[in-house]
Structures are given as structure tokens and as C-alpha cells.
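Source file: start.txt; contents: compact mmCIF, C-alpha atoms.
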```
# COMPACT_ATOMS: atom_id res chain seq x y z
CA MET A 1 -47.00 23.37 -28.92
CA SER A 2 -43.26 23.12 -29.51
CA GLY A 3 -42.69 25.75 -26.81
CA LEU A 4 -44.66 23.68 -24.31
CA LYS A 5 -42.57 20.62 -25.12
CA TYR A 6 -39.43 22.67 -24.55
CA ARG A 7 -40.66 23.94 -21.17
CA ILE A 8 -41.54 20.40 -20.08
CA SER A 9 -38.33 18.80 -21.30
CA LEU A 10 -36.02 21.31 -19.59
CA PRO A 11 -37.04 20.38 -16.01
CA VAL A 12 -36.90 16.71 -16.95
CA ALA A 13 -33.43 17.11 -18.39
CA ALA A 14 -32.30 19.02 -15.32
CA GLY A 15 -33.73 16.33 -13.06
CA VAL A 16 -31.93 13.58 -14.94
CA LEU A 17 -28.65 15.49 -14.85
CA LEU A 18 -28.78 16.65 -11.23
CA VAL A 19 -30.57 13.71 -9.63
CA GLY A 20 -30.86 10.69 -11.89
CA LEU A 21 -27.25 10.58 -13.07
CA PRO A 22 -25.58 11.07 -9.64
CA TYR A 23 -27.85 8.50 -8.01
CA SER A 24 -27.23 6.00 -10.81
CA ILE A 25 -23.45 6.41 -10.67
CA SER A 26 -23.10 6.33 -6.88
CA LEU A 27 -25.51 3.43 -6.34
CA ALA A 28 -23.76 1.43 -9.04
CA ALA A 29 -20.40 2.09 -7.33
CA GLN A 30 -21.77 0.97 -3.97
CA TRP A 31 -23.41 -2.11 -5.47
CA LEU A 32 -20.12 -3.12 -7.08
CA TYR A 33 -17.67 -2.23 -4.30
CA GLY A 34 -19.57 -2.20 -1.03
CA TRP A 35 -22.60 -0.81 0.76
CA PRO A 36 -22.27 1.22 3.96
CA ASN A 37 -21.42 -0.93 6.95
CA LYS A 38 -24.82 -0.58 8.61
CA PRO A 39 -27.25 -3.28 9.83
CA GLY A 40 -30.28 -4.31 7.74
CA PHE A 41 -31.96 -1.66 5.63
CA LYS A 42 -30.00 1.11 7.34
CA LYS A 43 -27.18 0.53 4.88
CA TYR A 44 -29.49 1.48 2.00
CA ILE A 45 -30.77 4.55 3.85
CA GLU A 46 -27.17 5.63 4.38
CA ALA A 47 -26.36 4.86 0.74
CA ILE A 48 -28.97 7.27 -0.64
CA LYS A 49 -28.18 10.26 1.56
CA PRO A 50 -27.70 13.27 -0.75
CA ARG A 51 -24.25 14.17 0.55
CA ARG A 52 -22.98 10.62 0.02
CA ILE A 53 -24.54 10.46 -3.43
CA TYR A 54 -22.96 13.64 -4.72
CA CYS A 55 -19.56 13.22 -3.04
CA LEU A 56 -19.26 9.65 -4.28
CA THR A 57 -20.38 10.64 -7.78
CA ARG A 58 -17.69 13.30 -7.85
CA ALA A 59 -15.07 10.77 -6.74
CA VAL A 60 -16.17 8.34 -9.48
CA LEU A 61 -16.12 11.02 -12.17
CA GLU A 62 -12.64 12.07 -11.06
CA THR A 63 -11.39 8.64 -12.14
CA LEU A 64 -12.21 9.55 -15.76
CA LYS A 65 -8.98 11.54 -15.84
CA TYR A 66 -7.14 8.22 -15.97
CA LEU A 67 -8.17 8.05 -19.63
CA GLN A 68 -5.37 10.51 -20.33
CA TYR A 69 -2.90 7.74 -19.55
CA GLY A 70 -4.14 5.56 -22.41
CA ARG A 71 -1.00 6.16 -24.49
CA LEU A 72 1.23 5.36 -21.53
CA TYR A 73 -0.77 2.17 -20.95
CA PHE A 74 -0.03 0.89 -24.44
CA GLN A 75 3.62 1.91 -24.08
CA TRP A 76 4.25 -0.19 -20.98
CA LYS A 77 2.16 -3.08 -22.31
CA SER A 78 4.23 -3.14 -25.49
CA TRP A 79 7.57 -2.71 -23.67
CA TYR A 80 6.88 -5.52 -21.19
CA LYS A 81 5.79 -7.97 -23.90
CA ASN A 82 8.73 -7.19 -26.19
CA GLU A 83 11.22 -10.03 -25.75
CA GLY A 84 13.95 -7.75 -27.08
CA ASN A 85 13.80 -5.80 -23.81
CA ARG A 86 14.64 -8.86 -21.74
CA LYS A 87 18.31 -7.86 -21.87
CA HIS A 88 17.42 -5.05 -19.48
CA TYR A 89 15.86 -7.20 -16.76
CA GLU A 90 15.22 -10.63 -15.29
CA LYS A 91 11.52 -11.40 -15.49
CA GLY A 92 9.31 -13.44 -13.17
CA ILE A 93 11.74 -14.52 -10.44
CA THR A 94 9.91 -16.50 -7.76
CA PHE A 95 10.31 -15.46 -4.12
CA GLY A 96 8.68 -15.80 -0.72
CA ARG A 97 6.28 -18.11 1.03
CA ARG A 98 3.41 -17.51 -1.42
CA GLY A 99 5.47 -18.01 -4.56
CA ASN A 100 5.12 -14.40 -5.70
CA LYS A 101 7.09 -13.04 -8.66
CA LEU A 102 9.48 -10.12 -8.97
CA ASP A 103 11.33 -8.47 -11.84
CA LEU A 104 14.95 -7.35 -11.51
CA TYR A 105 16.10 -4.43 -13.68
CA HIS A 106 19.79 -3.98 -14.43
CA PRO A 107 21.58 -0.64 -14.21
CA PRO A 108 22.75 0.77 -17.57
CA SER A 109 26.43 0.61 -16.60
CA SER A 110 28.30 -1.93 -18.68
CA ASP A 111 30.59 -2.69 -15.74
CA ARG A 112 28.96 -5.82 -14.37
CA ASN A 113 31.97 -6.65 -12.20
CA ALA A 114 31.12 -4.21 -9.42
CA PRO A 115 27.84 -4.97 -7.63
CA ALA A 116 25.29 -2.20 -8.08
CA PRO A 117 23.35 -0.69 -5.19
CA LEU A 118 19.76 -1.92 -4.99
CA VAL A 119 16.40 -0.14 -5.04
CA VAL A 120 13.27 -2.06 -4.02
CA PHE A 121 10.20 -0.41 -5.56
CA VAL A 122 6.88 -1.23 -3.84
CA TYR A 123 3.94 -0.07 -5.94
CA GLY A 124 0.58 1.12 -4.67
CA GLY A 125 -2.99 0.28 -5.61
CA GLY A 126 -5.13 0.93 -2.56
CA TRP A 127 -4.23 -2.46 -1.02
CA GLY A 128 -6.57 -4.05 -3.56
CA SER A 129 -4.85 -3.92 -6.96
CA GLY A 130 -1.53 -3.62 -8.73
CA ASP A 131 0.88 -5.65 -10.81
CA ARG A 132 4.62 -5.42 -11.32
CA SER A 133 4.28 -5.28 -15.12
CA ILE A 134 2.51 -1.89 -14.89
CA TYR A 135 5.70 -0.36 -13.51
CA CYS A 136 8.19 -1.75 -16.01
CA LEU A 137 8.89 1.65 -17.59
CA LEU A 138 9.23 3.25 -14.17
CA ALA A 139 11.64 0.57 -12.95
CA ARG A 140 13.69 0.80 -16.14
CA GLN A 141 13.94 4.60 -15.88
CA MET A 142 14.74 4.36 -12.17
CA ALA A 143 17.61 1.95 -12.91
CA LYS A 144 18.96 4.49 -15.43
CA GLU A 145 18.50 7.61 -13.33
CA LEU A 146 19.91 6.12 -10.12
CA ASN A 147 22.41 3.79 -11.78
CA ALA A 148 21.12 1.01 -9.56
CA ALA A 149 19.59 -2.41 -9.80
CA VAL A 150 15.83 -2.19 -9.21
CA ILE A 151 13.51 -4.96 -8.11
CA CYS A 152 9.74 -4.66 -8.39
CA PRO A 153 7.98 -7.41 -6.42
CA ASP A 154 4.34 -8.42 -6.57
CA TYR A 155 2.43 -8.90 -3.32
CA CYS A 156 -0.97 -10.37 -2.57
CA THR A 157 -3.85 -7.91 -2.37
CA TYR A 158 -7.38 -7.77 -0.99
CA PRO A 159 -9.64 -9.81 -1.20
CA LYS A 160 -7.10 -12.63 -1.45
CA CYS A 161 -5.36 -11.47 1.72
CA ASN A 162 -5.19 -8.78 4.37
CA VAL A 163 -2.53 -6.15 5.02
CA LEU A 164 -0.53 -8.42 7.33
CA ALA A 165 0.00 -10.85 4.43
CA MET A 166 1.04 -7.90 2.23
CA VAL A 167 3.64 -6.89 4.82
CA GLN A 168 4.87 -10.49 4.92
CA ASP A 169 5.27 -10.44 1.13
CA VAL A 170 7.23 -7.18 1.20
CA ALA A 171 9.42 -8.62 3.97
CA ASP A 172 9.95 -11.75 1.85
CA SER A 173 11.12 -9.60 -1.07
CA LEU A 174 13.67 -7.90 1.19
CA VAL A 175 14.87 -11.26 2.49
CA TRP A 176 15.18 -12.50 -1.11
CA ALA A 177 17.22 -9.41 -2.00
CA GLN A 178 19.48 -9.87 1.01
CA GLU A 179 20.12 -13.52 0.11
CA ASN A 180 20.54 -13.18 -3.67
CA GLY A 181 22.86 -10.22 -4.13
CA PRO A 182 25.89 -12.28 -5.19
CA LYS A 183 23.83 -14.35 -7.65
CA TYR A 184 22.43 -11.32 -9.49
CA ASN A 185 25.41 -8.99 -8.91
CA PHE A 186 23.85 -6.28 -6.76
CA ASP A 187 24.97 -5.01 -3.37
CA ASN A 188 22.68 -6.76 -0.92
CA ASN A 189 24.03 -4.62 1.92
CA ASN A 190 23.09 -1.33 0.28
CA MET A 191 19.32 -1.25 -0.24
CA VAL A 192 16.92 1.69 -0.49
CA ILE A 193 13.16 1.12 -0.50
CA ILE A 194 10.94 3.37 -2.60
CA GLY A 195 7.17 3.00 -2.21
CA HIS A 196 4.17 4.81 -3.66
CA SER A 197 0.83 5.36 -1.89
CA ALA A 198 -0.19 2.04 -0.28
CA GLY A 199 3.30 0.83 -1.23
CA ALA A 200 4.85 3.61 0.85
CA HIS A 201 2.64 2.56 3.75
CA LEU A 202 3.60 -1.12 3.37
CA SER A 203 7.30 -0.22 3.09
CA ALA A 204 7.26 1.80 6.32
CA LEU A 205 5.16 -0.76 8.17
CA THR A 206 7.36 -3.65 7.08
CA ILE A 207 10.51 -1.98 8.38
CA LEU A 208 8.85 -1.11 11.70
CA PHE A 209 7.59 -4.69 12.09
CA LEU A 210 11.13 -5.93 11.45
CA ILE A 211 12.54 -3.52 14.04
CA ASP A 212 9.92 -4.70 16.54
CA ALA A 213 10.75 -8.33 15.65
CA ARG A 214 7.07 -9.14 15.14
CA GLU A 215 6.50 -12.89 15.33
CA GLU A 216 3.60 -12.65 12.88
CA LEU A 217 6.09 -11.91 10.10
CA PHE A 218 7.33 -15.52 10.40
CA VAL A 219 10.82 -14.42 9.38
CA GLU A 220 13.80 -15.84 11.21
CA ALA A 221 15.45 -13.44 13.65
CA ASN A 222 18.84 -13.54 11.92
CA LYS A 223 17.22 -12.73 8.55
CA GLN A 224 15.30 -9.83 10.09
CA ARG A 225 18.56 -8.49 11.50
CA ASP A 226 20.40 -8.83 8.17
CA VAL A 227 17.64 -6.99 6.26
CA LEU A 228 17.60 -4.11 8.74
CA LEU A 229 21.36 -3.73 8.48
CA ALA A 230 21.09 -3.62 4.69
CA VAL A 231 18.30 -1.05 4.36
CA ARG A 232 19.73 2.47 4.14
CA GLY A 233 16.45 4.32 4.05
CA ILE A 234 12.92 4.65 2.71
CA ILE A 235 11.66 7.10 0.11
CA GLY A 236 7.89 7.46 0.41
CA LEU A 237 5.92 8.84 -2.53
CA SER A 238 2.42 10.14 -1.68
CA GLY A 239 2.18 7.72 1.21
CA VAL A 240 -0.37 6.88 3.91
CA TYR A 241 1.12 6.63 7.41
CA ASN A 242 -1.79 7.15 9.81
CA ILE A 243 -4.70 4.91 8.80
CA MET A 244 -7.33 6.59 10.97
CA ASP A 245 -6.43 9.99 9.53
CA HIS A 246 -6.76 8.61 6.02
CA TYR A 247 -10.08 6.94 6.88
CA LYS A 248 -11.43 10.32 7.99
CA HIS A 249 -10.30 11.75 4.66
CA GLU A 250 -12.13 8.93 2.88
CA GLN A 251 -15.24 9.73 4.92
CA ARG A 252 -15.09 13.35 3.76
CA ARG A 253 -14.98 12.08 0.17
CA ALA A 254 -17.73 9.50 0.94
CA VAL A 255 -15.58 6.66 -0.41
CA GLU A 256 -14.85 4.89 2.88
CA TYR A 257 -17.18 1.95 2.11
CA VAL A 258 -16.24 1.46 -1.54
CA SER A 259 -12.55 1.73 -0.62
CA THR A 260 -10.71 -1.52 0.09
CA MET A 261 -8.71 0.00 2.93
CA HIS A 262 -10.84 -0.85 5.97
CA LYS A 263 -11.65 -4.28 4.51
CA ALA A 264 -8.01 -5.13 3.87
CA MET A 265 -7.23 -4.13 7.47
CA ASN A 266 -10.01 -6.29 8.93
CA GLY A 267 -12.00 -3.34 10.22
CA VAL A 268 -11.57 0.00 11.90
CA GLU A 269 -10.51 -1.59 15.18
CA ASN A 270 -7.23 -2.70 13.56
CA PHE A 271 -6.24 0.74 12.23
CA PRO A 272 -3.67 1.39 15.00
CA TYR A 273 -2.00 -1.99 14.37
CA TYR A 274 -1.54 -1.10 10.71
CA SER A 275 -0.43 2.51 11.25
CA PRO A 276 3.32 3.32 11.17
CA THR A 277 2.60 6.34 13.39
CA HIS A 278 1.18 4.04 16.08
CA TRP A 279 4.26 1.83 16.20
CA LEU A 280 6.64 4.77 16.30
CA SER A 281 4.74 6.21 19.26
CA LYS A 282 5.22 2.92 21.14
CA PHE A 283 8.89 2.30 20.30
CA SER A 284 11.58 2.49 22.95
CA ALA A 285 14.61 4.72 22.45
CA ASP A 286 16.62 1.69 21.34
CA LYS A 287 14.13 0.76 18.62
CA LEU A 288 13.80 4.36 17.48
CA SER A 289 17.57 4.50 17.03
CA ARG A 290 17.27 1.66 14.49
CA VAL A 291 14.64 3.33 12.32
CA PRO A 292 16.27 4.24 8.99
CA PRO A 293 16.04 7.74 7.49
CA PHE A 294 12.90 8.70 5.57
CA ALA A 295 12.50 10.99 2.57
CA LEU A 296 8.88 11.92 1.86
CA LEU A 297 7.62 13.33 -1.45
CA HIS A 298 4.05 14.53 -1.94
CA GLY A 299 2.14 16.54 -4.53
CA THR A 300 0.14 19.55 -3.37
CA ASN A 301 -2.70 18.68 -5.80
CA ASP A 302 -3.18 15.19 -4.36
CA ILE A 303 -6.86 14.64 -3.48
CA ILE A 304 -6.60 10.86 -2.98
CA VAL A 305 -3.98 11.09 -0.23
CA PRO A 306 -3.60 14.71 0.91
CA SER A 307 -0.09 16.07 1.33
CA GLU A 308 -0.89 16.62 5.01
CA ALA A 309 -0.23 12.88 5.48
CA SER A 310 3.46 13.32 4.65
CA VAL A 311 3.71 16.64 6.48
CA LYS A 312 2.43 15.15 9.75
CA PHE A 313 4.54 12.01 9.39
CA SER A 314 7.65 14.09 8.75
CA GLU A 315 6.94 16.18 11.83
CA MET A 316 6.51 13.05 13.93
CA LEU A 317 9.74 11.50 12.67
CA GLN A 318 11.70 14.66 13.40
CA SER A 319 10.16 14.96 16.87
CA LEU A 320 11.50 11.46 17.58
CA SER A 321 14.99 12.43 16.30
CA ILE A 322 14.64 10.25 13.20
CA LYS A 323 16.18 11.70 10.04
CA ALA A 324 13.44 12.86 7.68
CA SER A 325 13.28 15.04 4.59
CA LEU A 326 10.06 16.43 3.12
CA TYR A 327 9.41 17.63 -0.43
CA LEU A 328 6.06 19.16 -1.38
CA LEU A 329 5.78 19.39 -5.17
CA PRO A 330 3.40 22.11 -6.44
CA GLY A 331 0.76 21.09 -8.97
CA LEU A 332 1.48 17.36 -8.71
CA ASP A 333 -1.36 14.90 -8.07
CA HIS A 334 -1.45 11.35 -6.73
CA THR A 335 -1.20 9.44 -10.01
CA GLU A 336 1.35 11.73 -11.64
CA MET A 337 3.77 10.88 -8.83
CA VAL A 338 4.36 7.52 -10.55
CA THR A 339 3.19 7.99 -14.14
CA ASP A 340 5.59 10.90 -14.57
CA LEU A 341 8.50 8.68 -13.49
CA MET A 342 7.87 6.40 -16.47
CA ALA A 343 9.13 8.56 -19.33
CA PRO A 344 11.44 11.60 -19.65
CA ASP A 345 8.84 13.52 -21.64
CA ARG A 346 6.38 13.54 -18.75
CA HIS A 347 5.80 16.97 -17.19
CA PHE A 348 7.02 16.19 -13.65
CA PHE A 349 9.76 13.70 -14.60
CA SER A 350 12.66 16.02 -13.81
CA PRO A 351 11.27 17.66 -10.63
CA ILE A 352 10.44 14.31 -9.02
CA TYR A 353 13.70 12.63 -9.99
CA SER A 354 15.65 15.65 -8.81
CA CYS A 355 14.28 15.12 -5.29
CA ILE A 356 14.70 11.34 -5.42
CA LYS A 357 18.29 11.57 -6.66
CA GLN A 358 19.23 14.06 -3.97
CA GLU A 359 17.88 11.82 -1.20
CA TYR A 360 19.07 8.59 -2.78
CA LYS A 361 22.63 9.89 -2.94
CA LYS A 362 22.56 10.75 0.76
CA LEU A 363 21.09 7.37 1.70
CA LYS A 364 23.52 5.41 -0.46
CA GLU A 365 26.51 7.27 0.93
CA SER A 366 25.42 6.44 4.47
CA CYS A 367 26.56 2.89 3.77
```
The structure in this file should be written as C-alpha cells.
Amino acid sequence: MSGLKYRISLPVAAGVLLVGLPYSISLAAQWLYGWPNKPGFKKYIEAIKPRRIYCLTRAVLETLKYLQYGRLYFQWKSWYKNEGNRKHYEKGITFGRRGNKLDLYHPPSSDRNAPAPLVVFVYGGGWGSGDRSIYCLLARQMAKELNAAVICPDYCTYPKCNVLAMVQDVADSLVWAQENGPKYNFDNNNMVIIGHSAGAHLSALTILFLIDAREELFVEANKQRDVLLAVRGIIGLSGVYNIMDHYKHEQRRAVEYVSTMHKAMNGVENFPYYSPTHWLSKFSADKLSRVPPFALLHGTNDIIVPSEASVKFSEMLQSLSIKASLYLLPGLDHTEMVTDLMAPDRHFFSPIYSCIKQEYKKLKESC
């Protein structure tokens, strides 16, 4: 009798593991974050296709690896709340048209008479999440390693706003930096932008919008000109530069509907408008000559944004005679690109900073 129970329970257990669990996980993800963009009941038919179920389940389970950053989470939470650390930075400075906040981190040099060069760090988060406090350890380490002032601005995210509003916020942070150098003792004419993931995309797109003098930025022409003269270059970490290419990658992973990307960009039809590659392909020779140098870093183990994104963007930049450097870091994944910049004991801390320092020195000296 016990043997019969065992033979019956084994198929049931296998069914739960191979069918019940994947369907439960993937349907829960789609219920929470978005069903396929199909009319009527077709969206549910699409949602239960086996390939979508198993690919989406795999993508959800991959997020469990973030649990390994639990210790780092408590470290930055504690550091940011500790009032004793306020000597290292100015917290919650208001900027821009939407009253966003930014934090300004001081370089370790005790010589406060000479203005320090400035780094603007634009964090990622899939255009739908992120907060400047998460990156306090990164910004503090970056100020030390580069001996620079570092600002980390917040920007609005989906569903509160679309990507155009995010670009406006990044532009506002650059305008703030250009206008407030003397007040906070940093060199407002020597800025380097460093962005990660969606932040790398927003950084590149913002600069290209400024070069194209886009009216939808609602930034005065003279301020746009001053910012462009001040920016020495962009360092992109694991960035997205061609939105349609990235959407196809999301389709292969079956996450395109639960992702915030197409929603934040108001649909697939707007992908060219929000793609740096699109604008570069349209620029005249004069506008191309004003594009600052790019340095692109990408991990070869990145499954969220494949390293091919930086490879193709680098090739395009070089084909247009724009200075571009490319670093492919073996074994590095998407999240480690920023988490490992937060503390010297992280595995990829030295390799990543070695590349950043090399490029930062070249960009700073181009002043």
C-alpha cells in the first residue's frame, strides 16, 4: 500500500514542480506587472503559452540572487541614516522643475580652496525604480577614488512620468550643477557623467537632446549651451542605447510585458525617439562634432542587458568619428557593475574602477 502511495505521489510532485509552480510564478508576475498587450481574451491565451511561462519563471527566479546583497543593503541603509556621515556630503538639495532632490558628495581632499572636478552619477532601475539613497556608498567611494565631487540626483520614474520627463530631470540636474559650482566649490566647467543601465541610456539621450536643442526639454538655449561646454564625456555602465534591440532581447526572455520599458516610452512606436542610436544616425556633421567622448563598460555575464548593446554602440560611435572606448569585463553581471563599486572588498571593485579611472583621467584632462 505504501508503495502505491509512493508511485502516485511522484507524478503529482513532478507535475507540481514542472507545471504548477512555473504557471503560478509567471501568472502572478503578469498579474502584478502587466498582461500581454493583446485585445480581449487573447492576452490570457498569450500569457499561458508554455514558452512564455517557463522563460518568465526563469527570469523571476533569477531575481532571487539579489538576496546575496542583503548585507550590502543594511550597510547603505545604516550609512545614509547616520548623521555622523553628513560631513561627507550635502543631503537633499532641491533642484529642477519638479522639485527633485540630489545629494552632493565631497572629495576626500582637505584642500577646499581649489574647486574639485564634478561627476554626475545617474543610477538605473529599468525606468521604473531607483532612489539616490541606495547609491550613497557608491557615490562616497567614487568621490574617494576619483578625487572629485559627486552628485547623485533623483529623477521621476514610471508610472509617475515617461522617459521624456526623466530626460528633463537629468537635464535639470546638469543645469543645477552648471549654475551652482561656485556655491558648493566644484568646477562647473569640468563635468563627467557616469550612468548605469537605464541611467546610462538617460545620460546619453539627455546629451543628444541638448545637442539637438530639443524644445521639449524646456531648457533655455544659453543654459543648454553652457552645459554642453561643461560636459567632458560620458561613462556608460551596462547601458541600453538602442531601445528596439533591447525590446527584442526582452522578448527572448519573455519579460517585455512585465518590463516597464515600453510603458515608460509610451509604446513601441516611440522607440526610435528614445534611442540614442537613432539620433546619432540623424545628426549632421556639425552636431556629431559636438558629441562628447564615450567610455563604455559592460560585463560579459550580463543577461539583463547583453554586452552586445555596448559593443554595437561603440562601433557606431567610432564609425561616426566620435571618440569611444569599450571595456568588456569577464565574469561581471548587470548588478555587480554597481554593487561592486560600493565597497573595496567587493570582488570586481578594482577591475571596474581601474577602467573608470583610466577613462576619467583622459576626459578630465581634455578640459
Between atom CA of A:Phe294 and atom CA of A:Glu220, what is the distance in Å, rounded to a tenth? 25.2 Å
Distance table requested - stretch 141-215 of chain A against stretch 92-105 of chain A, cut-off 10 Å, all atoms listed in the file: one row per qualifying residue with the closest atom pair and its distance in Å to one decimal, ordered by chain and rising residue number, as CSV.
```
residue,atom,partner,partner_atom,distance
A:Gln141,CA,A:Tyr105,CA,9.5
A:Met142,CA,A:Tyr105,CA,9.0
A:Ala143,CA,A:Tyr105,CA,6.6
A:Lys144,CA,A:Tyr105,CA,9.5
A:Ala148,CA,A:Tyr105,CA,8.5
A:Ala149,CA,A:Tyr105,CA,5.6
A:Val150,CA,A:Tyr105,CA,5.0
A:Ile151,CA,A:Leu104,CA,4.4
A:Cys152,CA,A:Asp103,CA,5.4
A:Pro153,CA,A:Leu102,CA,4.0
A:Asp154,CA,A:Lys101,CA,5.8
A:Tyr155,CA,A:Asn100,CA,6.6
A:Cys156,CA,A:Asn100,CA,7.9
A:Ala165,CA,A:Arg98,CA,9.5
A:Gln168,CA,A:Gly96,CA,8.6
A:Asp169,CA,A:Gly96,CA,6.6
A:Val170,CA,A:Gly96,CA,8.9
A:Ala171,CA,A:Gly96,CA,8.6
A:Asp172,CA,A:Gly96,CA,5.0
A:Ser173,CA,A:Phe95,CA,6.7
A:Leu174,CA,A:Gly96,CA,9.5
A:Val175,CA,A:Gly96,CA,8.3
A:Trp176,CA,A:Phe95,CA,6.4
A:Ala177,CA,A:Phe95,CA,9.4
A:Tyr184,CA,A:Leu104,CA,8.7
```
Gap from atom CA of A:Pro39 to atom CA of A:Ile53 - Å, one decimal: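 Interatomic distance, atom CA of A:Pro39 to atom CA of A:Ile53: 19.3 Å.
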Find the residues around stretch 65-77 of chain A up to 10 Å (all atoms listed in the file counted), leave out those fewer than 5 positions away in its own chain, and share them as a list in words.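 These residues fall inside the cut-off: Asn82, Ser133, Ile134, Tyr135, Cys136, Leu137, Leu138, Thr335, Glu336, Thr339, Asp340, Met342 and Ala343 of chain A.
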Could you work out how far atom CA of A:Arg52 lies from atom CA of A:Ser9, giving the answer in Å with one decimal? 27.5 Å
Of the candidates A:Pro292, A:Pro276, A:Pro306, A:Pro330, which shows the shortest atom-to-atom distance to A:His246, using only C-alpha atoms?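 Of A:Pro292, A:Pro276, A:Pro306, A:Pro330, the one nearest A:His246, counting only C-alpha atoms, is A:Pro306.
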Report as a ChimeraX atom specification all protein, DNA and RNA residues lying within 9 Å of stretch 22-36 of chain A, evaluated on all atoms listed in the file, omitting residues in the same chain fewer than 2 positions from it. /A:16-20,38-39,42-44,46-48,50,52-58,60-61,256-260
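Neighbouring residues of A:Val338 at 10 Å or closer, counting all atoms listed in the file and skipping chain neighbours under 6 positions away, are Tyr123, Gly124, Tyr135, Leu138, Gly195, His196, Ser197, Leu237, Ser238, Phe348, Phe349 and Ile352 of chain A.
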Report as JSON, numbers by chain all protein, DNA and RNA residues lying within 9 Å of A:Thr277, evaluated on all atoms listed in the file, omitting residues in the same chain fewer than 5 positions from it. {"A": [241, 242, 243, 272, 282, 313, 316, 317]}
Show me as a ChimeraX atom specification the residues that reach within 12 Å of (19.0, 11.9, -8.2), counting all atoms listed in the file and using the file's own coordinates. /A:141-148,349-364
Return the single residue from A:Ile207, A:Thr63, A:Asn180, A:Tyr273 that is closest to A:Lys287, with distances computed using only C-alpha atoms.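 Closest to A:Lys287 of all the choices is A:Ile207.
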Excluding A:Val167 and its own-chain neighbours fewer than 6 positions away, which residues fall within 8 Å of it when counting all atoms listed in the file? Please give them as a ChimeraX atom specification. /A:202-203,205-206,217
Output of the above residues as an mmCIF file, in the coordinates of the input, restricted to C-alpha atoms:
```cif
data_model
loop_
_atom_site.group_PDB
_atom_site.id
_atom_site.type_symbol
_atom_site.label_atom_id
_atom_site.label_comp_id
_atom_site.auth_asym_id
_atom_site.auth_seq_id
_atom_site.Cartn_x
_atom_site.Cartn_y
_atom_site.Cartn_z
ATOM 1 C CA LEU A 202 3.600 -1.120 3.370
ATOM 2 C CA SER A 203 7.300 -0.220 3.090
ATOM 3 C CA LEU A 205 5.160 -0.760 8.170
ATOM 4 C CA THR A 206 7.360 -3.650 7.080
ATOM 5 C CA LEU A 217 6.090 -11.910 10.100
#
```
With all atoms listed in the file as the basis for distance, which of A:Val227, A:Met244, A:Ala114, A:Leu297 is at the shortest distance from A:Glu179?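 Once distances to A:Glu179 are computed over all atoms listed in the file, the minimum belongs to A:Val227.
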Please determine the residues with any atom at most 9 Å from (2.7, 15.0, 5.7) (coordinates as given in the file, with all atoms listed in the file counting) and report them as a list in words.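 Every residue inside that radius is included here: Ser238, Gly239, Val240, Tyr241, Leu296, Leu297, His298, Pro306, Ser307, Glu308, Ala309, Ser310, Val311, Lys312, Phe313, Ser314, Glu315, Leu326 and Leu328 of chain A.
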Have a look at A:Val119, A:Ile303, A:Ala213, A:Ile45 and name the one nearest to A:Arg225; count only C-alpha atoms.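 Of all the options, A:Ala213 lies closest to A:Arg225.
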